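Structure file final-v3.pdb (PDB, N, CA and C atoms) is printed below.
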```
ATOM      1  N   MET A   1       0.853  -1.188   0.000
ATOM      2  CA  MET A   1       0.000   0.000   0.000
ATOM      3  C   MET A   1       0.889   1.238   0.000
ATOM      4  N   ASN A   2       0.544   2.189  -0.811
ATOM      5  CA  ASN A   2       1.270   3.445  -0.883
ATOM      6  C   ASN A   2       1.037   4.246   0.396
ATOM      7  N   GLU A   3       2.105   4.705   1.012
ATOM      8  CA  GLU A   3       1.994   5.435   2.284
ATOM      9  C   GLU A   3       1.123   6.678   2.151
ATOM     10  N   ASP A   4       1.160   7.319   0.990
ATOM     11  CA  ASP A   4       0.358   8.523   0.789
ATOM     12  C   ASP A   4      -1.125   8.225   1.018
ATOM     13  N   HIS A   5      -1.558   7.072   0.592
ATOM     14  CA  HIS A   5      -2.971   6.740   0.695
ATOM     15  C   HIS A   5      -3.360   6.294   2.102
ATOM     16  N   GLU A   6      -2.429   5.857   2.893
ATOM     17  CA  GLU A   6      -2.740   5.432   4.262
ATOM     18  C   GLU A   6      -3.352   6.579   5.067
ATOM     19  N   LEU A   7      -2.770   7.761   4.971
ATOM     20  CA  LEU A   7      -3.309   8.924   5.678
ATOM     21  C   LEU A   7      -4.679   9.309   5.115
ATOM     22  N   LEU A   8      -4.826   9.293   3.812
ATOM     23  CA  LEU A   8      -6.100   9.667   3.195
ATOM     24  C   LEU A   8      -7.223   8.706   3.576
ATOM     25  N   LYS A   9      -6.902   7.427   3.720
ATOM     26  CA  LYS A   9      -7.917   6.441   4.083
ATOM     27  C   LYS A   9      -8.391   6.601   5.520
ATOM     28  N   LYS A  10      -7.585   7.262   6.358
ATOM     29  CA  LYS A  10      -7.925   7.381   7.774
ATOM     30  C   LYS A  10      -8.174   8.831   8.196
ATOM     31  N   LEU A  11      -8.632   9.657   7.265
ATOM     32  CA  LEU A  11      -8.923  11.060   7.583
ATOM     33  C   LEU A  11      -9.987  11.190   8.660
ATOM     34  N   ASP A  12     -10.865  10.209   8.772
ATOM     35  CA  ASP A  12     -11.918  10.277   9.787
ATOM     36  C   ASP A  12     -11.346  10.179  11.205
ATOM     37  N   ARG A  13     -10.125   9.697  11.358
ATOM     38  CA  ARG A  13      -9.484   9.582  12.675
ATOM     39  C   ARG A  13      -8.722  10.855  13.048
ATOM     40  N   LEU A  14      -8.609  11.793  12.130
ATOM     41  CA  LEU A  14      -7.840  13.015  12.355
ATOM     42  C   LEU A  14      -8.458  13.851  13.475
ATOM     43  N   HIS A  15      -7.610  14.324  14.386
ATOM     44  CA  HIS A  15      -8.060  15.176  15.495
ATOM     45  C   HIS A  15      -6.869  16.007  15.975
ATOM     46  N   THR A  16      -7.129  16.916  16.897
ATOM     47  CA  THR A  16      -6.058  17.693  17.509
ATOM     48  C   THR A  16      -6.467  18.048  18.936
ATOM     49  N   THR A  17      -5.555  18.648  19.659
ATOM     50  CA  THR A  17      -5.822  19.065  21.033
ATOM     51  C   THR A  17      -6.311  20.508  21.046
ATOM     52  N   LYS A  18      -6.759  20.973  22.202
ATOM     53  CA  LYS A  18      -7.172  22.374  22.328
ATOM     54  C   LYS A  18      -5.998  23.297  22.030
ATOM     55  N   LEU A  19      -4.823  22.953  22.555
ATOM     56  CA  LEU A  19      -3.636  23.768  22.278
ATOM     57  C   LEU A  19      -3.243  23.688  20.813
ATOM     58  N   GLY A  20      -3.489  22.532  20.184
ATOM     59  CA  GLY A  20      -3.216  22.382  18.758
ATOM     60  C   GLY A  20      -4.065  23.332  17.925
ATOM     61  N   VAL A  21      -5.332  23.466  18.296
ATOM     62  CA  VAL A  21      -6.228  24.390  17.591
ATOM     63  C   VAL A  21      -5.686  25.809  17.681
ATOM     64  N   VAL A  22      -5.306  26.215  18.884
ATOM     65  CA  VAL A  22      -4.777  27.571  19.092
ATOM     66  C   VAL A  22      -3.507  27.776  18.269
ATOM     67  N   ARG A  23      -2.605  26.803  18.306
ATOM     68  CA  ARG A  23      -1.323  26.901  17.606
ATOM     69  C   ARG A  23      -1.514  26.997  16.093
ATOM     70  N   ILE A  24      -2.384  26.146  15.546
ATOM     71  CA  ILE A  24      -2.614  26.133  14.104
ATOM     72  C   ILE A  24      -3.275  27.428  13.647
ATOM     73  N   LYS A  25      -4.285  27.886  14.395
ATOM     74  CA  LYS A  25      -4.953  29.145  14.037
ATOM     75  C   LYS A  25      -3.971  30.313  14.062
ATOM     76  N   ARG A  26      -3.099  30.332  15.065
ATOM     77  CA  ARG A  26      -2.106  31.407  15.176
ATOM     78  C   ARG A  26      -1.083  31.324  14.037
ATOM     79  N   ASN A  27      -0.545  30.138  13.801
ATOM     80  CA  ASN A  27       0.506  29.977  12.788
ATOM     81  C   ASN A  27       0.034  30.304  11.380
ATOM     82  N   LEU A  28      -1.217  30.015  11.080
ATOM     83  CA  LEU A  28      -1.734  30.231   9.722
ATOM     84  C   LEU A  28      -2.697  31.402   9.623
ATOM     85  N   SER A  29      -2.900  32.106  10.724
ATOM     86  CA  SER A  29      -3.842  33.237  10.760
ATOM     87  C   SER A  29      -5.226  32.820  10.250
ATOM     88  N   LEU A  30      -5.701  31.691  10.734
ATOM     89  CA  LEU A  30      -6.999  31.176  10.305
ATOM     90  C   LEU A  30      -8.128  31.857  11.068
ATOM     91  N   ASP A  31      -9.257  31.992  10.385
ATOM     92  CA  ASP A  31     -10.429  32.611  10.994
ATOM     93  C   ASP A  31     -11.540  31.581  11.229
ATOM     94  N   THR A  32     -11.214  30.304  11.092
ATOM     95  CA  THR A  32     -12.205  29.246  11.258
ATOM     96  C   THR A  32     -12.117  28.635  12.654
ATOM     97  N   ASP A  33     -13.227  28.146  13.154
ATOM     98  CA  ASP A  33     -13.225  27.473  14.445
ATOM     99  C   ASP A  33     -13.017  25.966  14.292
ATOM    100  N   ASP A  34     -13.301  25.429  13.096
ATOM    101  CA  ASP A  34     -13.151  23.994  12.860
ATOM    102  C   ASP A  34     -11.832  23.723  12.129
ATOM    103  N   VAL A  35     -10.761  23.764  12.897
ATOM    104  CA  VAL A  35      -9.413  23.596  12.354
ATOM    105  C   VAL A  35      -9.231  22.191  11.780
ATOM    106  N   VAL A  36      -9.794  21.188  12.432
ATOM    107  CA  VAL A  36      -9.640  19.807  11.961
ATOM    108  C   VAL A  36     -10.270  19.641  10.579
ATOM    109  N   GLU A  37     -11.456  20.167  10.394
ATOM    110  CA  GLU A  37     -12.116  20.072   9.090
ATOM    111  C   GLU A  37     -11.322  20.834   8.032
ATOM    112  N   TRP A  38     -10.788  21.995   8.389
ATOM    113  CA  TRP A  38      -9.961  22.777   7.472
ATOM    114  C   TRP A  38      -8.746  21.951   7.038
ATOM    115  N   CYS A  39      -8.102  21.286   7.987
ATOM    116  CA  CYS A  39      -6.933  20.455   7.678
ATOM    117  C   CYS A  39      -7.317  19.259   6.810
ATOM    118  N   LYS A  40      -8.467  18.638   7.085
ATOM    119  CA  LYS A  40      -8.925  17.503   6.277
ATOM    120  C   LYS A  40      -9.092  17.913   4.817
ATOM    121  N   ILE A  41      -9.686  19.069   4.603
ATOM    122  CA  ILE A  41      -9.894  19.564   3.239
ATOM    123  C   ILE A  41      -8.550  19.784   2.550
ATOM    124  N   LYS A  42      -7.614  20.391   3.254
ATOM    125  CA  LYS A  42      -6.284  20.642   2.679
ATOM    126  C   LYS A  42      -5.549  19.340   2.374
ATOM    127  N   ILE A  43      -5.603  18.382   3.305
ATOM    128  CA  ILE A  43      -4.912  17.106   3.121
ATOM    129  C   ILE A  43      -5.515  16.330   1.956
ATOM    130  N   ASN A  44      -6.809  16.434   1.775
ATOM    131  CA  ASN A  44      -7.509  15.697   0.719
ATOM    132  C   ASN A  44      -7.469  16.411  -0.632
ATOM    133  N   SER A  45      -6.892  17.590  -0.703
ATOM    134  CA  SER A  45      -6.855  18.331  -1.962
ATOM    135  C   SER A  45      -5.926  17.638  -2.964
ATOM    136  N   PRO A  46      -6.223  17.757  -4.253
ATOM    137  CA  PRO A  46      -5.436  17.054  -5.274
ATOM    138  C   PRO A  46      -3.978  17.504  -5.359
ATOM    139  N   ASN A  47      -3.689  18.717  -4.924
ATOM    140  CA  ASN A  47      -2.311  19.212  -5.030
ATOM    141  C   ASN A  47      -1.495  18.964  -3.758
ATOM    142  N   ALA A  48      -2.043  18.237  -2.783
ATOM    143  CA  ALA A  48      -1.332  17.941  -1.538
ATOM    144  C   ALA A  48      -0.235  16.908  -1.797
ATOM    145  N   VAL A  49       0.944  17.172  -1.241
ATOM    146  CA  VAL A  49       2.060  16.237  -1.320
ATOM    147  C   VAL A  49       2.273  15.679   0.084
ATOM    148  N   ILE A  50       2.059  14.376   0.230
ATOM    149  CA  ILE A  50       2.127  13.728   1.542
ATOM    150  C   ILE A  50       3.391  12.882   1.617
ATOM    151  N   THR A  51       4.177  13.125   2.664
ATOM    152  CA  THR A  51       5.375  12.323   2.897
ATOM    153  C   THR A  51       5.381  11.878   4.344
ATOM    154  N   ARG A  52       6.103  10.799   4.588
ATOM    155  CA  ARG A  52       6.234  10.329   5.957
ATOM    156  C   ARG A  52       7.716  10.309   6.313
ATOM    157  N   ASN A  53       8.015  10.876   7.468
ATOM    158  CA  ASN A  53       9.378  10.884   7.982
ATOM    159  C   ASN A  53       9.304  10.464   9.446
ATOM    160  N   GLY A  54       9.729   9.228   9.734
ATOM    161  CA  GLY A  54       9.658   8.731  11.100
ATOM    162  C   GLY A  54       8.228   8.563  11.560
ATOM    163  N   LYS A  55       7.912   9.191  12.677
ATOM    164  CA  LYS A  55       6.586   9.015  13.273
ATOM    165  C   LYS A  55       5.553  10.020  12.777
ATOM    166  N   ASN A  56       5.911  10.883  11.846
ATOM    167  CA  ASN A  56       4.992  11.930  11.400
ATOM    168  C   ASN A  56       4.744  11.912   9.910
ATOM    169  N   TRP A  57       3.524  12.316   9.545
ATOM    170  CA  TRP A  57       3.166  12.625   8.169
ATOM    171  C   TRP A  57       3.360  14.127   7.990
ATOM    172  N   TYR A  58       3.846  14.534   6.835
ATOM    173  CA  TYR A  58       3.984  15.947   6.493
ATOM    174  C   TYR A  58       3.203  16.176   5.204
ATOM    175  N   VAL A  59       2.269  17.114   5.257
ATOM    176  CA  VAL A  59       1.429  17.408   4.108
ATOM    177  C   VAL A  59       1.722  18.835   3.662
ATOM    178  N   ARG A  60       2.276  18.966   2.464
ATOM    179  CA  ARG A  60       2.575  20.279   1.899
ATOM    180  C   ARG A  60       1.501  20.592   0.864
ATOM    181  N   THR A  61       0.762  21.665   1.117
ATOM    182  CA  THR A  61      -0.310  22.066   0.210
ATOM    183  C   THR A  61      -0.636  23.542   0.389
ATOM    184  N   ASP A  62      -0.936  24.211  -0.688
ATOM    185  CA  ASP A  62      -1.377  25.613  -0.659
ATOM    186  C   ASP A  62      -0.527  26.484   0.265
ATOM    187  N   ALA A  63       0.785  26.411   0.123
ATOM    188  CA  ALA A  63       1.739  27.246   0.871
ATOM    189  C   ALA A  63       1.715  27.010   2.380
ATOM    190  N   CYS A  64       1.301  25.812   2.796
ATOM    191  CA  CYS A  64       1.389  25.469   4.213
ATOM    192  C   CYS A  64       1.837  24.022   4.368
ATOM    193  N   ILE A  65       2.349  23.712   5.554
ATOM    194  CA  ILE A  65       2.774  22.351   5.878
ATOM    195  C   ILE A  65       2.020  21.925   7.143
ATOM    196  N   ILE A  66       1.337  20.799   7.046
ATOM    197  CA  ILE A  66       0.574  20.255   8.165
ATOM    198  C   ILE A  66       1.312  19.013   8.659
ATOM    199  N   THR A  67       1.559  18.944   9.965
ATOM    200  CA  THR A  67       2.255  17.806  10.566
ATOM    201  C   THR A  67       1.262  16.967  11.358
ATOM    202  N   VAL A  68       1.212  15.665  11.042
ATOM    203  CA  VAL A  68       0.265  14.746  11.677
ATOM    204  C   VAL A  68       1.036  13.553  12.226
ATOM    205  N   ASN A  69       0.760  13.172  13.481
ATOM    206  CA  ASN A  69       1.373  11.985  14.054
ATOM    207  C   ASN A  69       0.829  10.758  13.326
ATOM    208  N   ALA A  70       1.727   9.895  12.866
ATOM    209  CA  ALA A  70       1.336   8.753  12.036
ATOM    210  C   ALA A  70       0.639   7.646  12.813
ATOM    211  N   TYR A  71       0.764   7.625  14.118
ATOM    212  CA  TYR A  71       0.169   6.553  14.918
ATOM    213  C   TYR A  71      -1.167   6.962  15.535
ATOM    214  N   SER A  72      -1.238   8.184  16.047
ATOM    215  CA  SER A  72      -2.459   8.624  16.715
ATOM    216  C   SER A  72      -3.352   9.487  15.815
ATOM    217  N   TYR A  73      -2.839   9.905  14.659
ATOM    218  CA  TYR A  73      -3.543  10.789  13.724
ATOM    219  C   TYR A  73      -3.906  12.128  14.360
ATOM    220  N   THR A  74      -3.046  12.587  15.280
ATOM    221  CA  THR A  74      -3.202  13.901  15.894
ATOM    222  C   THR A  74      -2.509  14.937  15.028
ATOM    223  N   ILE A  75      -3.210  16.011  14.710
ATOM    224  CA  ILE A  75      -2.581  17.117  13.987
ATOM    225  C   ILE A  75      -1.720  17.847  15.009
ATOM    226  N   ILE A  76      -0.423  17.809  14.816
ATOM    227  CA  ILE A  76       0.500  18.391  15.770
ATOM    228  C   ILE A  76       0.604  19.895  15.564
ATOM    229  N   THR A  77       0.834  20.287  14.323
ATOM    230  CA  THR A  77       0.966  21.709  14.021
ATOM    231  C   THR A  77       0.758  21.923  12.522
ATOM    232  N   ALA A  78       0.664  23.163  12.143
ATOM    233  CA  ALA A  78       0.630  23.569  10.745
ATOM    234  C   ALA A  78       1.261  24.944  10.688
ATOM    235  N   HIS A  79       2.022  25.174   9.656
ATOM    236  CA  HIS A  79       2.668  26.480   9.507
ATOM    237  C   HIS A  79       2.848  26.798   8.035
ATOM    238  N   ALA A  80       3.117  28.058   7.761
ATOM    239  CA  ALA A  80       3.322  28.500   6.392
ATOM    240  C   ALA A  80       4.609  27.897   5.845
ATOM    241  N   ALA A  81       4.569  27.446   4.614
ATOM    242  CA  ALA A  81       5.759  26.906   3.964
ATOM    243  C   ALA A  81       6.690  28.051   3.586
ATOM    244  N   LYS A  82       7.974  27.786   3.713
ATOM    245  CA  LYS A  82       8.952  28.827   3.392
ATOM    246  C   LYS A  82       9.462  28.680   1.981
TER     247      LYS A  82
END
```
Whole structure given in structure tokens:
Amino acid sequence: MNEDHELLKKLDRLHTTKLGVVRIKRNLSLDTDDVVEWCKIKINSPNAVITRNGKNWYVRTDACIITVNAYSYTIITAHAAK
């Protein structure tokens, strides 16, 4: 199985912590309250590039990078791509 598809198949398990919501909203200047849904849409977009390095998935899409723990499917952080 292609690793890229493993994350896409388990998008329903994606979640984050309260501090994760605050961190992601701050880092990306988001105005949405549903950060998890926003991340799901970005991860599922056709131009998303998904890679795995160690215990984390990294999703590069639309000038941002989203970091997801590969075991718990917790969105750790998201920040603008440089």
Coordinates-based distance that separates CA of Asn47 in chain A from atom C of Leu19 in chain A (Å, one decimal):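 Separation of atom C of Leu19 in chain A and CA of Asn47 in chain A: 26.2 Å.
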Residue with smallest distance to Thr17 in chain A - pool A:Ile65, A:Ile76, A:Ile43, A:Val59, counting all atoms listed in the file: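 Nearest to Thr17 in chain A: A:Ile76.
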Distance criterion (all atoms listed in the file): nearest to Leu7 in chain A out of A:Ala70, A:Ala48, A:Ile24, A:Ala81: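 Ranking A:Ala70, A:Ala48, A:Ile24, A:Ala81 by distance to Leu7 in chain A, first place goes to A:Ala70.
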Interatomic distance (Å, one decimal) between atom N of Ile75 in chain A and atom N of Asp62 in chain A: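 Distance reported for this atom pair: 17.6 Å.
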Length of the CA of Val68 in chain A to CA of Lys55 in chain A vector [Å]: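 Separating CA of Val68 in chain A from CA of Lys55 in chain A is a distance of 8.7 Å.
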Nearest-residue call for Leu8 in chain A, choices A:Asn44, A:Asn69, A:Asn56, A:Ser29, using all atoms listed in the file: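 Once distances to Leu8 in chain A are computed over all atoms listed in the file, the minimum belongs to A:Asn44.
Secondary structure from DSSP on the backbone puts strand (DSSP E) at the following positions of chain A: Val49, Ile50, Thr51, Arg52, Asn53, Asn56, Trp57, Tyr58, Val59, Arg60, Thr61, Cys64, Ile65, Ile66, Thr67, Val68, Asn69, Ile75, Ile76, Thr77, Ala78, His79 and Ala80 of chain A.
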Draw an axis-aligned box tight on the listed atoms of range 20-26 of chain A, then pad every side by 8 Å and write out centre and edge lengths in Å to one decimal as JSON.
```
{"center_x": -3.7, "center_y": 26.9, "center_z": 16.9, "size_x": 21.1, "size_y": 25.0, "size_z": 22.5}
```
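Using only C-alpha atoms, the residues found no farther than 12 Å from Asp33 in chain A, other than those of its own chain fewer than 3 positions away, are Lys18, Val21, Val22, Ile24, Lys25, Arg26, Ser29, Leu30, Val36, Glu37, Trp38 and Cys39 of chain A.
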Ala63 in chain A environment, 9 Å, only C-alpha atoms, sequence neighbours closer than 5 positions dropped, as a PyMOL selection string: chain A and resi 79-82
Using only N, CA and C atoms: which of A:His15, A:Ile41, A:Ala78, A:Asp31 has the shortest distance to Cys64 in chain A: A:Ala78
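Across A:Ser45, A:Arg60, A:Lys40, A:Asn27, the tightest approach to Asp12 in chain A is made by A:Lys40 when counting all atoms listed in the file.
Of the listed residues (A:Thr16, A:Glu6, A:Val49, A:Thr61), A:Thr16 comes nearest to Asp34 in chain A; the distances count only C-alpha atoms.
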